[in-house]
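One file, model-v2.cif, is given below (mmCIF, N, CA and C atoms).
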data_structure
#
loop_
_atom_site.label_atom_id
_atom_site.label_comp_id
_atom_site.auth_asym_id
_atom_site.auth_seq_id
_atom_site.Cartn_x
_atom_site.Cartn_y
_atom_site.Cartn_z
N MET A 119 54.13 14.36 17.16
CA MET A 119 53.51 13.13 17.63
C MET A 119 53.86 11.98 16.68
N THR A 120 54.34 10.89 17.23
CA THR A 120 54.66 9.71 16.44
C THR A 120 53.49 8.73 16.49
N LEU A 121 53.06 8.24 15.34
CA LEU A 121 52.02 7.22 15.30
C LEU A 121 52.60 5.89 15.73
N THR A 122 51.74 5.01 16.29
CA THR A 122 52.16 3.69 16.74
C THR A 122 51.34 2.62 16.02
N LEU A 123 51.89 1.39 15.99
CA LEU A 123 51.30 0.30 15.22
C LEU A 123 51.23 -0.99 16.03
N GLY A 124 50.14 -1.72 15.86
CA GLY A 124 50.01 -3.09 16.33
C GLY A 124 49.77 -3.96 15.11
N SER A 125 50.45 -5.11 15.04
CA SER A 125 50.38 -5.96 13.85
C SER A 125 49.81 -7.33 14.19
N LEU A 126 48.69 -7.68 13.57
CA LEU A 126 48.06 -8.99 13.74
C LEU A 126 48.47 -9.90 12.59
N PHE A 127 48.60 -11.19 12.86
CA PHE A 127 49.08 -12.15 11.85
C PHE A 127 50.39 -11.61 11.26
N ASP A 128 51.31 -11.26 12.12
CA ASP A 128 52.48 -10.48 11.76
C ASP A 128 53.44 -11.14 10.78
N GLY A 129 53.52 -12.46 10.79
CA GLY A 129 54.48 -13.11 9.89
C GLY A 129 55.89 -12.68 10.22
N ILE A 130 56.67 -12.30 9.21
CA ILE A 130 58.06 -11.91 9.43
C ILE A 130 58.22 -10.40 9.60
N GLY A 131 57.15 -9.70 9.88
CA GLY A 131 57.24 -8.28 10.20
C GLY A 131 57.18 -7.33 9.02
N GLY A 132 56.45 -7.68 7.99
CA GLY A 132 56.33 -6.80 6.82
C GLY A 132 55.66 -5.47 7.14
N PHE A 133 54.58 -5.51 7.92
CA PHE A 133 53.90 -4.27 8.28
C PHE A 133 54.77 -3.39 9.18
N PRO A 134 55.42 -3.95 10.21
CA PRO A 134 56.32 -3.11 11.01
C PRO A 134 57.46 -2.51 10.18
N LEU A 135 57.99 -3.25 9.22
CA LEU A 135 59.05 -2.72 8.37
C LEU A 135 58.54 -1.52 7.58
N ALA A 136 57.38 -1.66 6.96
CA ALA A 136 56.80 -0.55 6.21
C ALA A 136 56.53 0.63 7.14
N ALA A 137 56.07 0.33 8.35
CA ALA A 137 55.74 1.39 9.30
C ALA A 137 56.97 2.22 9.67
N VAL A 138 58.07 1.55 10.05
CA VAL A 138 59.25 2.32 10.46
C VAL A 138 59.80 3.15 9.32
N ARG A 139 59.62 2.69 8.10
CA ARG A 139 60.08 3.46 6.95
C ARG A 139 59.24 4.72 6.73
N GLN A 140 58.08 4.77 7.39
CA GLN A 140 57.22 5.94 7.31
C GLN A 140 57.19 6.73 8.62
N GLY A 141 58.09 6.39 9.53
CA GLY A 141 58.17 7.11 10.80
C GLY A 141 57.17 6.66 11.85
N ILE A 142 56.57 5.50 11.64
CA ILE A 142 55.59 4.94 12.58
C ILE A 142 56.31 3.93 13.48
N THR A 143 56.00 3.94 14.76
CA THR A 143 56.66 3.05 15.72
C THR A 143 55.82 1.80 15.96
N PRO A 144 56.32 0.61 15.58
CA PRO A 144 55.58 -0.63 15.88
C PRO A 144 55.75 -0.98 17.36
N LEU A 145 54.63 -1.17 18.06
CA LEU A 145 54.69 -1.47 19.49
C LEU A 145 54.53 -2.95 19.80
N TRP A 146 53.63 -3.63 19.08
CA TRP A 146 53.41 -5.04 19.37
C TRP A 146 52.99 -5.81 18.12
N ALA A 147 53.15 -7.14 18.21
CA ALA A 147 52.80 -8.02 17.10
C ALA A 147 52.19 -9.31 17.64
N SER A 148 51.24 -9.84 16.89
CA SER A 148 50.61 -11.11 17.22
C SER A 148 50.96 -12.11 16.11
N GLU A 149 51.61 -13.20 16.50
CA GLU A 149 52.01 -14.25 15.57
C GLU A 149 52.18 -15.53 16.38
N ILE A 150 51.96 -16.69 15.76
CA ILE A 150 52.11 -17.95 16.50
C ILE A 150 53.23 -18.84 15.97
N GLU A 151 53.70 -18.59 14.77
CA GLU A 151 54.73 -19.45 14.18
C GLU A 151 56.12 -19.04 14.69
N PRO A 152 56.90 -20.00 15.22
CA PRO A 152 58.19 -19.68 15.83
C PRO A 152 59.20 -19.01 14.90
N PHE A 153 59.38 -19.51 13.68
CA PHE A 153 60.40 -18.91 12.82
C PHE A 153 60.08 -17.46 12.46
N PRO A 154 58.86 -17.13 12.02
CA PRO A 154 58.57 -15.72 11.75
C PRO A 154 58.76 -14.82 12.98
N ILE A 155 58.43 -15.33 14.16
CA ILE A 155 58.63 -14.55 15.38
C ILE A 155 60.11 -14.26 15.58
N GLN A 156 60.96 -15.25 15.35
CA GLN A 156 62.42 -15.05 15.48
C GLN A 156 62.91 -13.98 14.52
N VAL A 157 62.41 -14.01 13.28
CA VAL A 157 62.82 -13.02 12.28
C VAL A 157 62.41 -11.62 12.75
N THR A 158 61.17 -11.48 13.19
CA THR A 158 60.69 -10.18 13.64
C THR A 158 61.46 -9.70 14.87
N LYS A 159 61.73 -10.60 15.81
CA LYS A 159 62.49 -10.21 17.01
C LYS A 159 63.90 -9.75 16.64
N HIS A 160 64.47 -10.34 15.62
CA HIS A 160 65.81 -9.94 15.17
C HIS A 160 65.79 -8.50 14.63
N HIS A 161 64.79 -8.19 13.82
CA HIS A 161 64.71 -6.88 13.19
C HIS A 161 64.09 -5.81 14.09
N PHE A 162 63.23 -6.23 15.02
CA PHE A 162 62.52 -5.29 15.90
C PHE A 162 62.60 -5.78 17.35
N PRO A 163 63.79 -5.76 17.94
CA PRO A 163 63.95 -6.32 19.29
C PRO A 163 63.14 -5.60 20.37
N GLU A 164 62.76 -4.35 20.13
CA GLU A 164 62.01 -3.59 21.12
C GLU A 164 60.50 -3.85 21.05
N MET A 165 60.04 -4.53 20.02
CA MET A 165 58.61 -4.76 19.83
C MET A 165 58.12 -5.90 20.73
N LEU A 166 56.99 -5.71 21.37
CA LEU A 166 56.36 -6.71 22.22
C LEU A 166 55.68 -7.76 21.35
N HIS A 167 55.89 -9.04 21.68
CA HIS A 167 55.20 -10.13 20.97
C HIS A 167 54.12 -10.68 21.88
N VAL A 168 52.88 -10.60 21.43
CA VAL A 168 51.74 -10.91 22.28
C VAL A 168 51.11 -12.28 22.01
N GLY A 169 51.64 -13.03 21.05
CA GLY A 169 51.19 -14.39 20.83
C GLY A 169 49.92 -14.55 20.00
N ASP A 170 49.19 -15.59 20.33
CA ASP A 170 48.01 -16.05 19.59
C ASP A 170 46.87 -15.04 19.63
N ILE A 171 46.40 -14.65 18.46
CA ILE A 171 45.32 -13.67 18.36
C ILE A 171 44.04 -14.14 19.07
N THR A 172 43.81 -15.45 19.12
CA THR A 172 42.59 -15.95 19.75
C THR A 172 42.64 -15.85 21.26
N ARG A 173 43.79 -15.53 21.82
CA ARG A 173 43.94 -15.42 23.27
C ARG A 173 44.22 -13.99 23.73
N LEU A 174 44.11 -13.03 22.84
CA LEU A 174 44.42 -11.65 23.20
C LEU A 174 43.26 -10.99 23.95
N ASP A 175 43.61 -10.17 24.89
CA ASP A 175 42.64 -9.32 25.58
C ASP A 175 43.02 -7.89 25.19
N GLY A 176 42.22 -7.30 24.31
CA GLY A 176 42.51 -5.97 23.81
C GLY A 176 42.69 -4.93 24.89
N ALA A 177 42.01 -5.09 26.02
CA ALA A 177 42.12 -4.14 27.11
C ALA A 177 43.50 -4.17 27.76
N LYS A 178 44.24 -5.27 27.55
CA LYS A 178 45.56 -5.40 28.16
C LYS A 178 46.70 -5.06 27.20
N LEU A 179 46.38 -4.84 25.94
CA LEU A 179 47.41 -4.48 24.96
C LEU A 179 47.74 -3.00 25.07
N PRO A 180 49.01 -2.65 24.84
CA PRO A 180 49.33 -1.22 24.78
C PRO A 180 48.52 -0.58 23.66
N PRO A 181 47.88 0.56 23.90
CA PRO A 181 47.08 1.20 22.86
C PRO A 181 47.97 1.66 21.70
N VAL A 182 47.43 1.56 20.49
CA VAL A 182 48.15 1.98 19.28
C VAL A 182 47.21 2.82 18.42
N ASP A 183 47.82 3.57 17.50
CA ASP A 183 47.03 4.38 16.57
C ASP A 183 46.54 3.58 15.38
N ILE A 184 47.34 2.57 14.98
CA ILE A 184 47.03 1.78 13.79
C ILE A 184 47.10 0.30 14.16
N ILE A 185 46.08 -0.46 13.75
CA ILE A 185 46.14 -1.91 13.86
C ILE A 185 46.05 -2.45 12.44
N CYS A 186 47.01 -3.27 12.07
CA CYS A 186 47.01 -3.86 10.74
C CYS A 186 47.04 -5.37 10.88
N GLY A 187 46.79 -6.05 9.77
CA GLY A 187 46.84 -7.50 9.81
C GLY A 187 46.90 -8.08 8.42
N GLY A 188 47.73 -9.07 8.27
CA GLY A 188 47.81 -9.80 7.02
C GLY A 188 47.01 -11.08 7.14
N SER A 189 46.44 -11.50 6.05
CA SER A 189 45.72 -12.78 6.07
C SER A 189 46.70 -13.89 6.38
N PRO A 190 46.29 -14.86 7.17
CA PRO A 190 47.19 -15.99 7.42
C PRO A 190 47.61 -16.65 6.11
N CYS A 191 48.84 -17.08 6.05
CA CYS A 191 49.41 -17.65 4.82
C CYS A 191 48.98 -19.10 4.67
N GLN A 192 47.82 -19.30 4.12
CA GLN A 192 47.34 -20.65 3.87
C GLN A 192 46.33 -20.60 2.73
N ASP A 193 46.02 -21.73 2.21
CA ASP A 193 45.08 -21.81 1.11
C ASP A 193 43.65 -21.74 1.65
N TYR A 194 42.92 -20.70 1.25
CA TYR A 194 41.56 -20.52 1.72
C TYR A 194 40.53 -21.32 0.92
N ALA A 195 40.92 -21.86 -0.20
CA ALA A 195 39.96 -22.55 -1.07
C ALA A 195 39.23 -23.67 -0.33
N GLU A 196 39.93 -24.32 0.58
CA GLU A 196 39.31 -25.43 1.31
C GLU A 196 38.62 -24.97 2.58
N GLU A 197 38.82 -23.73 2.99
CA GLU A 197 38.32 -23.27 4.27
C GLU A 197 37.08 -22.39 4.15
N ILE A 198 36.82 -21.87 3.00
CA ILE A 198 35.69 -20.97 2.84
C ILE A 198 34.40 -21.79 2.79
N VAL A 199 33.45 -21.41 3.64
CA VAL A 199 32.15 -22.08 3.68
C VAL A 199 31.13 -21.06 3.20
N ILE A 200 30.47 -21.39 2.12
CA ILE A 200 29.45 -20.50 1.56
C ILE A 200 28.09 -21.07 1.92
N PRO A 201 27.30 -20.27 2.68
CA PRO A 201 25.97 -20.74 3.08
C PRO A 201 25.08 -20.93 1.85
N LYS A 202 24.21 -21.92 1.91
CA LYS A 202 23.27 -22.19 0.81
C LYS A 202 21.99 -21.43 0.99
#
Encoding of this model in structure tokens:
Amino acid sequence: MTLTLGSLFDGIGGFPLAAVRQGITPLWASEIEPFPIQVTKHHFPEMLHVGDITRLDGAKLPPVDIICGGSPCQDYAEEIVIPK
């Protein structure tokens, strides 16, 4: 049995790259930035790109064994709200 992977905030496909090196098949990725998507499509042409995470319907995604996600690449210092 081969494990499968779904990648959220995929970027340039770091998680799918690590996965294939371990015998895991990446099935889909969620990313919104055009250049990282092009990079991932170049390296993983068979992987489905599902777009914006805020618009995903999990019931419509191909089921996977592993879901991973990288934090979006931005500075969180200005975005973190700590309740008083």
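Straight-line separation from CA of Ile185 in chain A to atom N of Leu126 in chain A: 6.3 Å.
Within chain A, the backbone-based DSSP assignment of strand (DSSP E or B) covers Thr122, Leu123, Gly124, Ser125, Leu126, Thr143, Pro144, Leu145, Trp146, Ala147, Ser148, Leu166, His167, Ile184, Ile185, Cys186 and Gly187 of chain A.
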Which residues come within 6.5 Å of Thr143 in chain A, counting only N, CA and C atoms, excluding same-chain residues fewer than 6 positions away, as a VMD selection string?
chain A and resid 120 to 123 137
Picked residues, the PyMOL selection byres ((chain A and resi 130) around 5), as a PyMOL selection string:
chain A and resi 128-129+131-132+154+158
Export N, CA and C atoms of the chosen residues as a PDB file, in the coordinates of the input?
ATOM      1  N   ASP A 128      51.310 -11.260  12.120  1.00  0.00           N
ATOM      2  CA  ASP A 128      52.480 -10.480  11.760  1.00  0.00           C
ATOM      3  C   ASP A 128      53.440 -11.140  10.780  1.00  0.00           C
ATOM      4  N   GLY A 129      53.520 -12.460  10.790  1.00  0.00           N
ATOM      5  CA  GLY A 129      54.480 -13.110   9.890  1.00  0.00           C
ATOM      6  C   GLY A 129      55.890 -12.680  10.220  1.00  0.00           C
ATOM      7  N   GLY A 131      57.150  -9.700   9.880  1.00  0.00           N
ATOM      8  CA  GLY A 131      57.240  -8.280  10.200  1.00  0.00           C
ATOM      9  C   GLY A 131      57.180  -7.330   9.020  1.00  0.00           C
ATOM     10  N   GLY A 132      56.450  -7.680   7.990  1.00  0.00           N
ATOM     11  CA  GLY A 132      56.330  -6.800   6.820  1.00  0.00           C
ATOM     12  C   GLY A 132      55.660  -5.470   7.140  1.00  0.00           C
ATOM     13  N   PRO A 154      58.860 -17.130  12.020  1.00  0.00           N
ATOM     14  CA  PRO A 154      58.570 -15.720  11.750  1.00  0.00           C
ATOM     15  C   PRO A 154      58.760 -14.820  12.980  1.00  0.00           C
ATOM     16  N   THR A 158      61.170 -11.480  13.190  1.00  0.00           N
ATOM     17  CA  THR A 158      60.690 -10.180  13.640  1.00  0.00           C
ATOM     18  C   THR A 158      61.460  -9.700  14.870  1.00  0.00           C
TER      19      THR A 158
END
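For range 119-188 of chain A, backbone-based DSSP assignment of alpha helix (DSSP H) covers Gly132, Phe133, Pro134, Leu135, Ala136, Ala137, Val138, Arg139, Pro152, Phe153, Pro154, Ile155, Gln156, Val157, Thr158, Lys159, His160 and His161 of chain A.
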Take the residues that were just selected and, keeping N, CA and C atoms, output them as a JSON list (two decimals), in the frame of the given file.
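Saved result, selection18.json, follows:
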[["chain", "number", "residue", "atom", "x", "y", "z"],
["A", 132, "GLY", "N", 56.45, -7.68, 7.99],
["A", 132, "GLY", "CA", 56.33, -6.80, 6.82],
["A", 132, "GLY", "C", 55.66, -5.47, 7.14],
["A", 133, "PHE", "N", 54.58, -5.51, 7.92],
["A", 133, "PHE", "CA", 53.90, -4.27, 8.28],
["A", 133, "PHE", "C", 54.77, -3.39, 9.18],
["A", 134, "PRO", "N", 55.42, -3.95, 10.21],
["A", 134, "PRO", "CA", 56.32, -3.11, 11.01],
["A", 134, "PRO", "C", 57.46, -2.51, 10.18],
["A", 135, "LEU", "N", 57.99, -3.25, 9.22],
["A", 135, "LEU", "CA", 59.05, -2.72, 8.37],
["A", 135, "LEU", "C", 58.54, -1.52, 7.58],
["A", 136, "ALA", "N", 57.38, -1.66, 6.96],
["A", 136, "ALA", "CA", 56.80, -0.55, 6.21],
["A", 136, "ALA", "C", 56.53, 0.63, 7.14],
["A", 137, "ALA", "N", 56.07, 0.33, 8.35],
["A", 137, "ALA", "CA", 55.74, 1.39, 9.30],
["A", 137, "ALA", "C", 56.97, 2.22, 9.67],
["A", 138, "VAL", "N", 58.07, 1.55, 10.05],
["A", 138, "VAL", "CA", 59.25, 2.32, 10.46],
["A", 138, "VAL", "C", 59.80, 3.15, 9.32],
["A", 139, "ARG", "N", 59.62, 2.69, 8.10],
["A", 139, "ARG", "CA", 60.08, 3.46, 6.95],
["A", 139, "ARG", "C", 59.24, 4.72, 6.73],
["A", 152, "PRO", "N", 56.90, -20.00, 15.22],
["A", 152, "PRO", "CA", 58.19, -19.68, 15.83],
["A", 152, "PRO", "C", 59.20, -19.01, 14.90],
["A", 153, "PHE", "N", 59.38, -19.51, 13.68],
["A", 153, "PHE", "CA", 60.40, -18.91, 12.82],
["A", 153, "PHE", "C", 60.08, -17.46, 12.46],
["A", 154, "PRO", "N", 58.86, -17.13, 12.02],
["A", 154, "PRO", "CA", 58.57, -15.72, 11.75],
["A", 154, "PRO", "C", 58.76, -14.82, 12.98],
["A", 155, "ILE", "N", 58.43, -15.33, 14.16],
["A", 155, "ILE", "CA", 58.63, -14.55, 15.38],
["A", 155, "ILE", "C", 60.11, -14.26, 15.58],
["A", 156, "GLN", "N", 60.96, -15.25, 15.35],
["A", 156, "GLN", "CA", 62.42, -15.05, 15.48],
["A", 156, "GLN", "C", 62.91, -13.98, 14.52],
["A", 157, "VAL", "N", 62.41, -14.01, 13.28],
["A", 157, "VAL", "CA", 62.82, -13.02, 12.28],
["A", 157, "VAL", "C", 62.41, -11.62, 12.75],
["A", 158, "THR", "N", 61.17, -11.48, 13.19],
["A", 158, "THR", "CA", 60.69, -10.18, 13.64],
["A", 158, "THR", "C", 61.46, -9.70, 14.87],
["A", 159, "LYS", "N", 61.73, -10.60, 15.81],
["A", 159, "LYS", "CA", 62.49, -10.21, 17.01],
["A", 159, "LYS", "C", 63.90, -9.75, 16.64],
["A", 160, "HIS", "N", 64.47, -10.34, 15.62],
["A", 160, "HIS", "CA", 65.81, -9.94, 15.17],
["A", 160, "HIS", "C", 65.79, -8.50, 14.63],
["A", 161, "HIS", "N", 64.79, -8.19, 13.82],
["A", 161, "HIS", "CA", 64.71, -6.88, 13.19],
["A", 161, "HIS", "C", 64.09, -5.81, 14.09]]
Kindly give the distance, in Å, that separates CA of Pro163 in chain A and CA of Val138 in chain A, rounded to a single decimal.
13.2 Å
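One distance worth recording is that between CA of Trp146 in chain A and CA of Gly124 in chain A, which is 5.0 Å.
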Near range 164-176 of chain A, within 6.5 Å and counting all atoms listed in the file, which residues show up once chain neighbours fewer than 6 positions away are dropped, as a PyMOL selection string?
chain A and resi 144-150
Box in all listed atoms of range 175-192 of chain A, axis-aligned, with 4 Å more on each side; write out centre and edge lengths in Å to one decimal as AutoDock Vina command-line options.
--center_x 45.7 --center_y -8.1 --center_z 15.4 --size_x 15.4 --size_y 33.0 --size_z 33.4
Return the single residue from A:Met119, A:Phe133, A:Gln140, A:Lys159 that is closest to Cys186 in chain A, with distances computed using only N, CA and C atoms.
A:Phe133
